$ cat upload.cif   # mmCIF, C-alpha atoms
data_entry
#
loop_
_atom_site.label_atom_id
_atom_site.label_comp_id
_atom_site.auth_asym_id
_atom_site.auth_seq_id
_atom_site.Cartn_x
_atom_site.Cartn_y
_atom_site.Cartn_z
CA MET A 1 105.65 -10.88 -18.33
CA ASP A 2 102.34 -9.08 -17.89
CA LYS A 3 102.62 -5.31 -17.88
CA GLN A 4 101.60 -3.26 -14.83
CA LEU A 5 98.63 -0.98 -15.47
CA VAL A 6 98.95 2.73 -14.71
CA SER A 7 96.30 5.30 -15.52
CA VAL A 8 97.09 8.94 -16.25
CA VAL A 9 93.93 11.05 -16.23
CA ARG A 10 93.16 14.75 -16.52
CA TYR A 11 91.41 16.01 -13.43
CA ASP A 12 87.99 17.46 -14.05
CA GLU A 13 85.66 17.49 -11.09
CA ALA A 14 82.56 17.25 -13.25
CA ALA A 15 83.99 14.26 -15.12
CA ARG A 16 84.45 12.07 -12.02
CA SER A 17 88.14 11.80 -12.77
CA VAL A 18 89.13 9.81 -9.67
CA GLU A 19 86.56 7.17 -10.53
CA SER A 20 87.95 7.00 -14.08
CA ALA A 21 91.56 6.76 -12.87
CA VAL A 22 90.72 3.87 -10.54
CA ALA A 23 88.69 2.03 -13.19
CA LEU A 24 91.34 2.39 -15.93
CA CYS A 25 94.04 0.75 -13.79
CA ASP A 26 91.74 -1.93 -12.33
CA GLY A 27 92.55 -0.43 -8.96
CA LEU A 28 89.85 -2.26 -7.02
CA LYS A 29 90.06 -5.56 -8.85
CA GLY A 30 89.91 -8.41 -6.37
CA VAL A 31 89.44 -6.15 -3.34
CA PRO A 32 86.69 -7.70 -1.17
CA ARG A 33 83.93 -5.61 0.33
CA ASP A 34 84.96 -6.53 3.86
CA ALA A 35 88.52 -5.29 3.36
CA ARG A 36 89.69 -3.10 6.22
CA THR A 37 90.89 -0.08 4.24
CA PHE A 38 93.38 2.59 5.27
CA ILE A 39 93.67 5.86 3.32
CA LYS A 40 96.96 7.74 3.70
CA PRO A 41 96.76 11.34 2.42
CA ASN A 42 99.68 13.75 2.63
CA ILE A 43 99.31 16.57 5.15
CA VAL A 44 102.94 17.52 5.40
CA PHE A 45 102.26 20.69 7.37
CA TRP A 46 99.48 22.64 9.05
CA THR A 47 99.15 25.75 11.18
CA ARG A 48 96.17 27.23 13.01
CA ARG A 49 97.68 30.70 12.96
CA VAL A 50 97.36 31.79 9.32
CA PRO A 51 96.23 30.64 5.87
CA PHE A 52 99.21 29.24 3.95
CA PRO A 53 99.80 27.73 0.49
CA LYS A 54 98.26 24.25 0.56
CA TRP A 55 98.46 23.70 -3.21
CA GLY A 56 101.07 21.12 -4.07
CA VAL A 57 101.77 20.57 -0.38
CA ILE A 58 98.66 18.77 0.90
CA THR A 59 96.48 16.20 -0.84
CA THR A 60 93.37 18.02 -2.05
CA SER A 61 90.26 17.26 -0.03
CA ARG A 62 88.28 16.74 -3.23
CA VAL A 63 90.49 13.79 -4.20
CA VAL A 64 90.23 12.33 -0.70
CA ALA A 65 86.44 12.67 -0.79
CA ASP A 66 86.21 11.18 -4.29
CA VAL A 67 88.31 8.20 -3.20
CA VAL A 68 86.03 7.58 -0.22
CA ALA A 69 83.00 7.76 -2.53
CA VAL A 70 84.57 5.24 -4.93
CA LEU A 71 85.36 2.85 -2.08
CA LYS A 72 81.84 3.11 -0.71
CA ALA A 73 80.37 2.53 -4.16
CA HIS A 74 82.48 -0.65 -4.32
CA GLY A 75 80.83 -1.75 -1.09
CA ILE A 76 83.78 -1.25 1.26
CA GLU A 77 82.49 -0.42 4.74
CA HIS A 78 85.55 -0.21 7.00
CA VAL A 79 87.55 2.88 6.01
CA THR A 80 90.14 4.72 8.12
CA ILE A 81 91.86 7.95 7.06
CA GLY A 82 95.15 8.32 8.90
CA GLU A 83 98.01 10.80 8.88
CA GLY A 84 100.87 11.74 11.20
CA MET A 85 101.70 15.32 10.35
CA VAL A 86 104.71 17.11 11.80
CA THR A 87 104.01 20.11 14.02
CA TYR A 88 106.46 22.64 15.48
CA ASP A 89 105.57 21.27 18.93
CA PRO A 90 105.78 17.45 18.85
CA LYS A 91 103.15 17.21 21.61
CA ASP A 92 100.62 19.33 19.73
CA VAL A 93 97.46 17.33 19.01
CA ALA A 94 95.17 20.34 18.55
CA THR A 95 96.75 21.29 15.20
CA PRO A 96 96.17 17.89 13.54
CA ALA A 97 92.59 17.93 14.83
CA HIS A 98 92.16 21.40 13.35
CA ALA A 99 93.55 20.19 10.02
CA PHE A 100 91.08 17.31 9.86
CA GLU A 101 88.24 19.70 10.61
CA MET A 102 89.24 22.41 8.13
CA LEU A 103 90.02 19.93 5.34
CA GLY A 104 86.55 18.44 5.69
CA TYR A 105 87.54 15.02 7.00
CA ARG A 106 85.02 15.30 9.84
CA ARG A 107 82.33 15.82 7.22
CA LEU A 108 83.44 12.54 5.61
CA GLU A 109 83.04 10.86 8.99
CA GLU A 110 79.45 12.11 9.19
CA ARG A 111 78.59 11.40 5.56
CA TYR A 112 80.21 8.00 5.06
CA GLY A 113 80.98 6.68 8.53
CA VAL A 114 84.74 6.65 7.94
CA ARG A 115 87.16 7.04 10.84
CA CYS A 116 89.87 9.76 10.89
CA VAL A 117 92.92 9.26 13.10
CA ASN A 118 96.05 11.15 14.03
CA VAL A 119 98.59 8.32 13.98
CA HIS A 120 100.55 9.99 16.81
CA GLU A 121 97.58 9.27 19.08
CA ARG A 122 97.36 5.64 17.98
CA PRO A 123 99.44 2.54 18.84
CA PHE A 124 102.68 1.75 17.01
CA ARG A 125 104.34 -1.60 16.43
CA THR A 126 107.99 -2.27 15.74
CA VAL A 127 108.34 -3.69 12.22
CA ASP A 128 111.26 -5.07 10.23
CA LEU A 129 111.01 -3.26 6.89
CA GLY A 130 113.65 -5.47 5.35
CA GLU A 131 117.43 -5.77 5.42
CA GLY A 132 117.69 -4.66 9.02
CA ILE A 133 115.55 -1.52 8.79
CA ARG A 134 113.40 -1.47 11.91
CA ALA A 135 110.83 1.21 12.63
CA LYS A 136 107.73 1.82 14.71
CA VAL A 137 104.75 1.83 12.33
CA ASN A 138 101.16 2.86 12.96
CA ALA A 139 99.11 -0.20 13.92
CA ASP A 140 96.09 0.86 11.84
CA ILE A 141 97.90 0.57 8.52
CA LEU A 142 99.55 -2.68 9.62
CA GLU A 143 96.16 -4.20 10.48
CA SER A 144 94.54 -3.13 7.20
CA ASP A 145 93.77 -5.42 4.26
CA PHE A 146 93.93 -2.67 1.66
CA VAL A 147 95.78 0.67 1.59
CA VAL A 148 95.00 3.66 -0.61
CA ASP A 149 98.07 5.89 -0.71
CA LEU A 150 97.25 9.51 -1.73
CA PRO A 151 100.44 11.58 -2.08
CA VAL A 152 100.90 14.84 -3.95
CA LEU A 153 102.88 14.89 -7.20
CA LYS A 154 105.99 16.80 -6.08
CA THR A 155 109.72 16.86 -5.87
CA HIS A 156 111.63 16.77 -2.59
CA SER A 157 114.79 18.60 -1.59
CA GLN A 158 116.33 15.45 -0.09
CA THR A 159 114.79 12.45 -1.90
CA VAL A 160 114.37 14.04 -5.36
CA VAL A 161 110.68 13.07 -5.51
CA SER A 162 108.06 12.57 -2.81
CA LEU A 163 105.41 10.23 -4.17
CA GLY A 164 103.70 7.08 -2.93
CA VAL A 165 106.70 5.38 -1.34
CA LYS A 166 107.89 8.49 0.47
CA ASN A 167 104.36 9.33 1.63
CA LEU A 168 104.34 6.20 3.79
CA LYS A 169 106.93 7.80 6.09
CA GLY A 170 104.00 9.65 7.67
CA CYS A 171 102.95 6.36 9.30
CA LEU A 172 106.12 6.17 11.42
CA ASP A 173 106.50 7.49 14.93
CA ILE A 174 108.70 10.56 15.40
CA ALA A 175 111.72 8.67 16.74
CA SER A 176 111.72 6.39 13.68
CA ARG A 177 111.45 9.36 11.32
CA LYS A 178 114.47 10.96 12.93
CA ALA A 179 116.34 7.66 12.71
CA PHE A 180 115.69 7.59 8.95
CA HIS A 181 117.97 10.65 8.69
CA ASP A 182 120.72 9.06 10.79
CA THR A 183 123.49 7.36 8.81
CA ARG A 184 125.43 5.82 11.70
CA ASP A 185 123.88 2.41 10.97
CA GLY A 186 125.43 2.46 7.49
CA LEU A 187 122.15 3.09 5.69
CA ASP A 188 121.25 6.46 4.22
CA LEU A 189 117.85 8.14 3.91
CA HIS A 190 117.32 6.84 0.35
CA ARG A 191 117.86 3.23 1.34
CA LYS A 192 115.54 3.54 4.34
CA VAL A 193 112.80 5.20 2.30
CA ALA A 194 113.05 2.27 -0.12
CA GLY A 195 112.05 0.01 2.76
CA LEU A 196 108.77 1.79 3.51
CA PRO A 197 106.58 -0.39 1.23
CA GLY A 198 107.39 -3.19 3.66
CA MET A 199 104.48 -1.94 5.78
CA LEU A 200 101.92 -2.43 2.99
CA PRO A 201 99.46 -5.34 2.85
CA GLU A 202 99.22 -7.55 -0.22
CA ARG A 203 96.76 -5.18 -1.91
CA SER A 204 97.18 -1.45 -2.27
CA LEU A 205 96.28 1.40 -4.60
CA THR A 206 98.36 4.53 -5.12
CA ILE A 207 96.81 7.69 -6.58
CA LEU A 208 99.10 10.65 -7.18
CA ASP A 209 97.26 13.93 -6.73
CA GLY A 210 98.74 16.15 -9.43
CA ILE A 211 96.00 18.75 -9.53
CA PHE A 212 98.83 20.91 -8.20
CA THR A 213 102.52 20.04 -8.40
CA ASN A 214 105.36 21.33 -6.25
CA GLU A 215 108.86 22.16 -7.47
CA ARG A 216 111.57 22.16 -4.79
CA GLY A 217 109.07 20.74 -2.32
CA PRO A 218 107.82 19.27 -0.16
CA GLY A 219 106.66 22.40 1.67
CA PHE A 220 104.92 25.71 1.23
CA ASP A 221 108.14 27.42 0.13
CA GLY A 222 108.28 25.46 -3.14
CA ARG A 223 107.10 26.60 -6.57
CA ILE A 224 103.51 25.50 -7.13
CA ARG A 225 101.91 24.80 -10.52
CA ARG A 226 98.37 23.87 -11.57
CA LYS A 227 98.64 20.65 -13.65
CA ASP A 228 95.30 18.82 -13.22
CA ILE A 229 96.74 15.30 -13.51
CA LEU A 230 95.98 12.09 -11.62
CA VAL A 231 98.15 8.95 -11.76
CA ALA A 232 96.87 5.65 -10.36
CA SER A 233 97.94 2.02 -10.14
CA ALA A 234 97.52 -1.05 -7.98
CA ASP A 235 101.30 -1.45 -8.30
CA TRP A 236 102.93 1.08 -5.97
CA LEU A 237 106.30 1.09 -7.72
CA SER A 238 104.80 1.63 -11.19
CA THR A 239 102.84 4.63 -9.90
CA ASP A 240 105.97 6.26 -8.57
CA LEU A 241 107.97 5.51 -11.72
CA VAL A 242 105.33 7.22 -13.87
CA GLY A 243 105.06 10.10 -11.38
CA ALA A 244 108.82 10.60 -11.46
CA ALA A 245 108.73 10.60 -15.26
CA LEU A 246 106.05 13.31 -15.26
CA LEU A 247 108.33 15.40 -13.01
CA GLY A 248 111.20 14.86 -15.45
CA TYR A 249 113.20 12.09 -13.73
CA THR A 250 114.32 8.60 -14.69
CA PRO A 251 114.57 5.91 -12.00
CA GLU A 252 118.37 6.22 -12.04
CA GLU A 253 118.02 9.85 -10.93
CA VAL A 254 115.93 8.98 -7.87
CA PRO A 255 118.05 6.86 -5.49
CA HIS A 256 115.26 5.07 -3.64
CA LEU A 257 113.43 4.24 -6.88
CA ASP A 258 116.66 3.14 -8.53
CA TYR A 259 117.28 0.74 -5.66
CA LEU A 260 113.74 -0.68 -5.86
CA VAL A 261 113.84 -1.09 -9.64
CA LYS A 262 117.05 -3.12 -9.38
CA LYS A 263 115.88 -5.11 -6.38
CA MET A 264 112.60 -6.08 -8.03
CA GLY A 265 114.03 -6.67 -11.51
CA ARG A 266 111.93 -3.95 -13.09
CA ALA A 267 112.61 -2.15 -16.37
CA PRO A 268 114.14 1.30 -15.80
CA ASP A 269 112.72 2.53 -19.12
CA LEU A 270 109.10 1.77 -18.08
CA ARG A 271 108.62 -0.76 -20.89
CA ASP A 272 106.96 -3.14 -18.41
CA ILE A 273 104.22 -0.58 -17.73
CA GLU A 274 101.05 -0.09 -19.77
CA ILE A 275 99.81 3.49 -19.65
CA ARG A 276 96.10 4.02 -20.00
CA GLY A 277 94.64 7.47 -20.60
CA GLU A 278 96.93 10.43 -21.17
CA MET A 279 100.47 10.10 -22.52
CA ILE A 280 103.40 10.90 -20.21
CA ALA A 281 105.11 12.92 -22.94
CA ASP A 282 102.17 15.31 -23.15
CA HIS A 283 102.46 16.28 -19.48
CA ARG A 284 106.13 15.85 -18.59
CA LEU A 285 107.68 18.99 -17.13
CA LEU A 286 111.00 19.06 -15.32
CA HIS A 287 110.60 20.14 -11.71
CA ALA A 288 113.87 20.98 -9.97
CA TYR A 289 114.22 19.41 -6.54
CA ALA A 290 117.28 21.07 -4.98
CA PHE A 291 117.39 24.63 -3.72
CA PRO A 292 120.22 26.46 -5.52
CA TYR A 293 123.47 26.88 -3.60
CA THR A 294 126.88 28.20 -4.58
CA LYS A 295 129.26 25.68 -6.14
CA ASP A 296 131.07 25.14 -2.84
CA GLY A 297 127.76 24.68 -1.02
CA SER A 298 128.49 27.48 1.42
CA LEU A 299 125.56 29.80 0.76
CA PRO A 300 122.11 29.81 -0.91
CA VAL A 301 122.38 31.49 -4.31
CA PRO A 302 119.81 34.22 -3.45
CA MET A 303 121.97 35.22 -0.47
CA LYS A 304 125.04 35.32 -2.69
CA ARG A 305 123.22 37.57 -5.16
CA MET A 306 122.35 39.91 -2.28
CA GLY A 307 126.07 40.34 -1.67
CA ILE A 308 126.06 38.73 1.77
CA GLU A 309 129.59 38.33 3.13
CA GLY A 310 131.06 36.83 6.26
CA LEU A 311 128.50 34.00 6.45
CA ALA A 312 128.59 30.35 5.47
CA TYR A 313 125.11 28.85 5.74
CA ARG A 314 126.05 25.39 4.54
CA GLN A 315 123.85 23.42 2.15
CA TYR A 316 121.52 20.99 3.93
CA ASP A 317 122.06 17.26 3.47
CA GLN A 318 119.85 14.20 3.82
CA THR A 319 120.52 13.96 7.57
CA LEU A 320 118.46 17.11 8.19
CA CYS A 321 115.25 15.85 9.79
CA THR A 322 111.81 17.30 9.16
CA TYR A 323 111.69 19.46 12.29
CA CYS A 324 114.92 21.28 11.43
CA ALA A 325 113.84 21.51 7.79
CA LEU A 326 110.61 23.27 8.84
CA LEU A 327 112.63 25.74 10.89
CA SER A 328 115.00 26.38 7.99
CA ALA A 329 112.08 27.42 5.81
CA ALA A 330 111.63 30.38 8.17
CA LEU A 331 115.22 30.88 9.31
CA VAL A 332 116.92 31.32 5.94
CA PRO A 333 114.64 34.20 4.88
CA ALA A 334 115.01 35.72 8.36
CA VAL A 335 118.79 35.71 8.04
CA ALA A 336 118.56 37.27 4.59
CA ARG A 337 116.35 40.06 5.97
CA ALA A 338 118.90 40.73 8.71
CA TRP A 339 121.57 41.65 6.14
CA LYS A 340 122.27 45.40 6.20
CA GLY A 341 125.28 45.50 3.88
CA GLU A 342 128.05 45.12 6.48
CA PRO A 343 130.00 41.82 6.40
CA TRP A 344 129.33 39.49 9.28
CA LYS A 345 132.23 38.16 11.33
CA GLU A 346 133.03 34.84 9.64
CA VAL A 347 130.01 32.96 10.94
CA GLU A 348 129.28 29.38 9.90
CA VAL A 349 125.90 27.62 10.37
CA LEU A 350 125.87 23.81 10.58
CA THR A 351 122.76 21.63 10.40
CA GLY A 352 121.79 17.97 10.25
CA LYS A 353 123.86 15.22 11.84
CA VAL A 354 127.18 14.89 10.01
CA MET A 355 128.48 18.37 9.12
CA ARG A 356 131.88 19.34 10.52
CA PRO A 357 133.19 22.87 11.09
CA THR A 358 135.46 24.66 8.63
CA PRO A 359 138.84 25.71 10.05
CA GLY A 360 139.30 29.46 10.36
CA LYS A 361 135.72 30.47 11.09
CA LYS A 362 135.37 32.81 14.05
CA LYS A 363 131.90 31.73 15.15
CA THR A 364 130.22 28.36 14.57
CA ILE A 365 126.47 27.97 15.06
CA LEU A 366 125.44 24.38 15.80
CA LEU A 367 121.73 24.26 14.97
CA GLY A 368 120.04 21.54 16.99
CA LYS A 369 120.89 18.77 19.44
CA CYS A 370 122.36 16.48 16.78
CA MET A 371 124.88 19.09 15.65
CA TYR A 372 125.79 19.97 19.22
CA LEU A 373 126.47 16.36 20.20
CA ALA A 374 128.47 15.74 17.02
CA ASN A 375 130.74 18.81 17.32
CA ARG A 376 130.74 20.05 20.91
CA ASN A 377 134.41 19.15 21.36
CA HIS A 378 135.63 19.82 17.82
CA PRO A 379 139.05 21.53 17.81
CA ASP A 380 138.27 23.67 14.74
CA ILE A 381 135.58 25.66 16.57
CA ALA A 382 136.92 29.00 17.77
CA GLU A 383 133.64 30.10 19.37
CA MET A 384 130.74 27.70 19.66
CA LEU A 385 127.17 29.01 19.59
CA ALA A 386 124.89 26.02 20.10
CA VAL A 387 121.15 25.46 19.96
CA LYS A 388 121.02 22.29 22.05
CA SER A 389 117.28 21.56 22.03
CA CYS A 390 115.40 19.04 19.87
CA PRO A 391 113.50 20.29 18.04
CA PRO A 392 115.46 23.55 18.13
CA SER A 393 113.82 26.15 20.35
CA PRO A 394 112.87 29.35 18.48
CA GLU A 395 113.99 31.42 21.47
CA GLU A 396 117.39 29.69 21.52
CA ILE A 397 117.78 30.21 17.78
CA VAL A 398 117.18 33.95 18.04
CA ASP A 399 119.59 34.25 20.99
CA VAL A 400 122.37 32.34 19.23
CA PHE A 401 122.13 34.32 15.98
CA HIS A 402 122.08 37.60 17.89
CA ARG A 403 125.22 36.55 19.78
CA ALA A 404 126.80 35.86 16.39
CA GLY A 405 125.99 39.43 15.30
CA ILE A 406 123.16 38.39 12.95
CA LEU A 407 120.19 40.35 14.25
CA ILE A 408 117.29 38.36 12.88
CA GLU A 409 113.84 39.70 13.71
CA ARG A 410 112.64 37.96 16.83
CA GLY A 411 109.04 37.74 15.63
CA LEU A 412 109.99 35.90 12.43
CA ILE A 413 111.24 32.94 14.45
CA GLU A 414 109.47 33.09 17.79
CA ASP A 415 106.10 33.46 16.04
CA ILE A 416 107.16 30.87 13.51
CA GLU A 417 103.65 29.55 12.88
CA ALA A 418 102.74 32.89 11.31
CA VAL A 419 105.62 32.77 8.81
CA PRO A 420 103.94 30.43 6.25
CA GLY A 421 101.27 33.07 5.68
CA SER A 422 103.81 35.33 3.99
CA PHE A 423 104.11 32.80 1.15
CA MET A 424 100.46 33.37 0.20
CA GLN A 425 101.22 36.70 -1.46
CA LYS A 426 102.52 35.26 -4.72
CA TYR A 427 99.29 33.29 -5.27
CA GLU A 428 96.80 36.02 -4.43
CA GLY A 429 94.39 36.91 -7.21
CA LYS A 430 95.24 33.85 -9.32
CA PRO A 431 92.02 31.89 -9.86
CA GLU A 432 93.81 28.62 -10.65
CA PHE A 433 94.92 28.42 -7.03
CA ASP A 434 91.53 27.50 -5.68
CA GLU A 435 91.31 26.86 -1.95
CA GLY A 436 87.90 25.35 -2.57
CA LEU A 437 89.66 22.12 -3.57
CA PHE A 438 90.61 21.75 0.10
CA ARG A 439 87.02 21.88 1.27
CA ILE A 440 84.31 19.24 1.07
CA PRO A 441 80.83 20.60 0.24
#
$ encode --input "upload.cif" --output "structure tokens"
Amino acid sequence: MDKQLVSVVRYDEAARSVESAVALCDGLKGVPRDARTFIKPNIVFWTRRVPFPKWGVITTSRVVADVVAVLKAHGIEHVTIGEGMVTYDPKDVATPAHAFEMLGYRRLEERYGVRCVNVHERPFRTVDLGEGIRAKVNADILESDFVVDLPVLKTHSQTVVSLGVKNLKGCLDIASRKAFHDTRDGLDLHRKVAGLPGMLPERSLTILDGIFTNERGPGFDGRIRRKDILVASADWLSTDLVGAALLGYTPEEVPHLDYLVKKMGRAPDLRDIEIRGEMIADHRLLHAYAFPYTKDGSLPVPMKRMGIEGLAYRQYDQTLCTYCALLSAALVPAVARAWKGEPWKEVEVLTGKVMRPTPGKKKTILLGKCMYLANRNHPDIAEMLAVKSCPPSPEEIVDVFHRAGILIERGLIEDIEAVPGSFMQKYEGKPEFDEGLFRIP
């Protein structure tokens, strides 16, 4: 059996590294000049309120621009850049437009004639992704002849890694994304993520942007490193297998990749892959994916170290959707800041879709519509404090926690779009964290 080609290249802007990565893996071999091409970067989050850590969270604009230049040099005329980022307000279209502008995508439109689209403003079509997984997928990627998938090299708190396969989730409509976290159909998040390549055309190219990596991603609250690595292949699964290896994981440790390896009869030890360029062993560095919790999963370890008592803020599971996950990135620190040394009154916080209350708790906070519907009549709840909205309303969240005796600062939640700016402090003054990589000259 012929081996799949994967290139691993050091990023050096002056050395035209993206061009080298594509050439080494024969990434454009057989792609005709009239191919309708769709580029899918990763813009997992954006806010207009404050600067926030983009490194290891968002695909660098320099890589996006270099990819467009390589495609144009190949003679490809029809290029669309599309992304469906999640915003705190699902109806917000101004924030995605702002992201495209600030990241330089509008400059690419002017320079190369590419088209940039917010997939939430475009048509969707219902697609069978295999084995009964149905989802509404952006029509632009479905109508393309060639897809260039540009994820960041990072781990993910729910799916272990977030690479090329996971990045395709950004082409689904919001209802389908939420459904991916729902297990009532008998399929978990990992199995549904494994179905995402079903939207790809016959030809595709995946390039992992590892200029920055993200430990305990996928968001701005992870640990960011400068690694200057690119991984590319015309075989989407091989790219992700090599990316996972660089992050310290075997296929067996990543459920959706493990499923795909077995389904496609691939070698779990990567022996059916030919690496060109750098060696994996020279760049492998274990990146943790899970945020640390106590052994019983009742409290984040940092809260335990603070001595917090009378609170069970249960460990998230894979049914926690992206909206609630974004809120948690602000809410957990807000709760920690509210601790003044006096035990709280046996409060339990439940999230996601499947958690059930613990008997004996005096107050149970149900965070979000899914939790409310699942537990509103549960007999083990002594006093129910429910945030019933979807996505959870910041005002409701503050009210519920105050009623539970946890006096979180109102501004930390109600002005939630300003919170990501506080994460910038740990990167200030470090030249390796160059925001210039997110601009296009």
$ atom_distance --input "upload.cif" --atom1 "atom CA of A:Thr60" --atom2 "atom CA of A:Ser162"
15.7 Å
$ residues_around --input "upload.cif" --residues "A:Glu346" --least-positions-apart "2" --cutoff "9 Å" --atoms "all atoms listed in the file" --output "count of residues only"
12
$ resolve_selection --input "upload.cif" --expression "the PyMOL selection byres ((chain A and resi 384) around 8)" --output "PDB file with C-alpha atoms, in the coordinates of the input"
ATOM      1  CA  LYS A 363     131.900  31.730  15.150  1.00  0.00           C
ATOM      2  CA  THR A 364     130.220  28.360  14.570  1.00  0.00           C
ATOM      3  CA  ILE A 365     126.470  27.970  15.060  1.00  0.00           C
ATOM      4  CA  LEU A 366     125.440  24.380  15.800  1.00  0.00           C
ATOM      5  CA  ARG A 376     130.740  20.050  20.910  1.00  0.00           C
ATOM      6  CA  ILE A 381     135.580  25.660  16.570  1.00  0.00           C
ATOM      7  CA  ALA A 382     136.920  29.000  17.770  1.00  0.00           C
ATOM      8  CA  GLU A 383     133.640  30.100  19.370  1.00  0.00           C
ATOM      9  CA  LEU A 385     127.170  29.010  19.590  1.00  0.00           C
ATOM     10  CA  ALA A 386     124.890  26.020  20.100  1.00  0.00           C
TER      11      ALA A 386
END
$ resolve_selection --input "upload.cif" --expression "the PyMOL selection byres ((chain A and resi 152) around 9)" --output "number ranges by chain"
A: 41-42, 56-60, 150-151, 153-154, 162-164, 167, 207-214
$ atom_distance --input "upload.cif" --atom1 "atom CA of A:Leu412" --atom2 "atom CA of A:Val86"
19.5 Å
$ residues_around --input "upload.cif" --residues "A:Ala94" --least-positions-apart "2" --cutoff "12 Å" --atoms "all atoms listed in the file" --output "list of chain:residue names"
A:Trp46, A:Thr47, A:Arg48, A:Met85, A:Thr87, A:Tyr88, A:Asp89, A:Pro90, A:Lys91, A:Asp92, A:Pro96, A:Ala97, A:His98, A:Ala99, A:Phe100, A:Glu101, A:Asn118, A:His120, A:Glu121
$ atom_distance --input "upload.cif" --atom1 "atom CA of A:Glu131" --atom2 "atom CA of A:Gln4"
25.8 Å
$ closest_residue --input "upload.cif" --among "A:Leu241, A:Val231, A:Leu320, A:Leu142" --to "A:Asp269" --atoms "only C-alpha atoms"
A:Leu241
$ closest_residue --input "upload.cif" --among "A:Ala135, A:Leu28, A:Ala35, A:Ala288" --to "A:Val67" --atoms "all atoms listed in the file"
A:Leu28
$ closest_residue --input "upload.cif" --among "A:Phe45, A:Tyr372, A:Tyr112, A:Trp55" --to "A:His78" --atoms "only C-alpha atoms"
A:Tyr112
$ closest_residue --input "upload.cif" --among "A:Pro197, A:Gly217, A:Pro32, A:Gly341" --to "A:Val44" --atoms "all atoms listed in the file"
A:Gly217
$ closest_residue --input "upload.cif" --among "A:Val6, A:Cys324, A:Met371, A:Ala244" --to "A:Ala232" --atoms "all atoms listed in the file"
A:Val6
$ residues_near_point --input "upload.cif" --point "(95.3, 3.4, -9.4)" --cutoff "6 Å" --atoms "all atoms listed in the file" --output "VMD selection string"
chain A and resid 22 25 27 205 to 207 232 to 234
$ resolve_selection --input "upload.cif" --expression "the PyMOL selection byres ((chain A and resi 328-334) around 9)" --output "VMD selection string"
chain A and resid 219 to 221 300 313 323 to 327 335 to 338 397 408 to 409 412 to 413 416 419 to 420
$ closest_residue --input "upload.cif" --among "A:Ile174, A:Val114, A:Val349, A:Leu189" --to "A:Ile133" --atoms "all atoms listed in the file"
A:Leu189
$ residues_around --input "upload.cif" --residues "stretch 156-159 of chain A" --least-positions-apart "3" --cutoff "6 Å" --atoms "all atoms listed in the file" --output "PyMOL selection string"
chain A and resi 162+216-218+289-290+318
$ residues_around --input "upload.cif" --residues "A:Arg16" --least-positions-apart "3" --cutoff "12 Å" --atoms "all atoms listed in the file" --output "list in words"
Val9, Arg10, Tyr11, Asp12, Glu13, Glu19, Ser20, Ala21, Val22, Ala23, Arg62, Val63, Ala65, Asp66, Val67, Ala69, Val70 and Leu230 of chain A
$ write_last_selection --input "upload.cif" --atoms "C-alpha atoms" --output "short mmCIF file (atom, residue, chain, number, x, y, z; two decimals), in the frame of the given file"
data_model
loop_
_atom_site.label_atom_id
_atom_site.label_comp_id
_atom_site.auth_asym_id
_atom_site.auth_seq_id
_atom_site.Cartn_x
_atom_site.Cartn_y
_atom_site.Cartn_z
CA VAL A 9 93.93 11.05 -16.23
CA ARG A 10 93.16 14.75 -16.52
CA TYR A 11 91.41 16.01 -13.43
CA ASP A 12 87.99 17.46 -14.05
CA GLU A 13 85.66 17.49 -11.09
CA GLU A 19 86.56 7.17 -10.53
CA SER A 20 87.95 7.00 -14.08
CA ALA A 21 91.56 6.76 -12.87
CA VAL A 22 90.72 3.87 -10.54
CA ALA A 23 88.69 2.03 -13.19
CA ARG A 62 88.28 16.74 -3.23
CA VAL A 63 90.49 13.79 -4.20
CA ALA A 65 86.44 12.67 -0.79
CA ASP A 66 86.21 11.18 -4.29
CA VAL A 67 88.31 8.20 -3.20
CA ALA A 69 83.00 7.76 -2.53
CA VAL A 70 84.57 5.24 -4.93
CA LEU A 230 95.98 12.09 -11.62
#
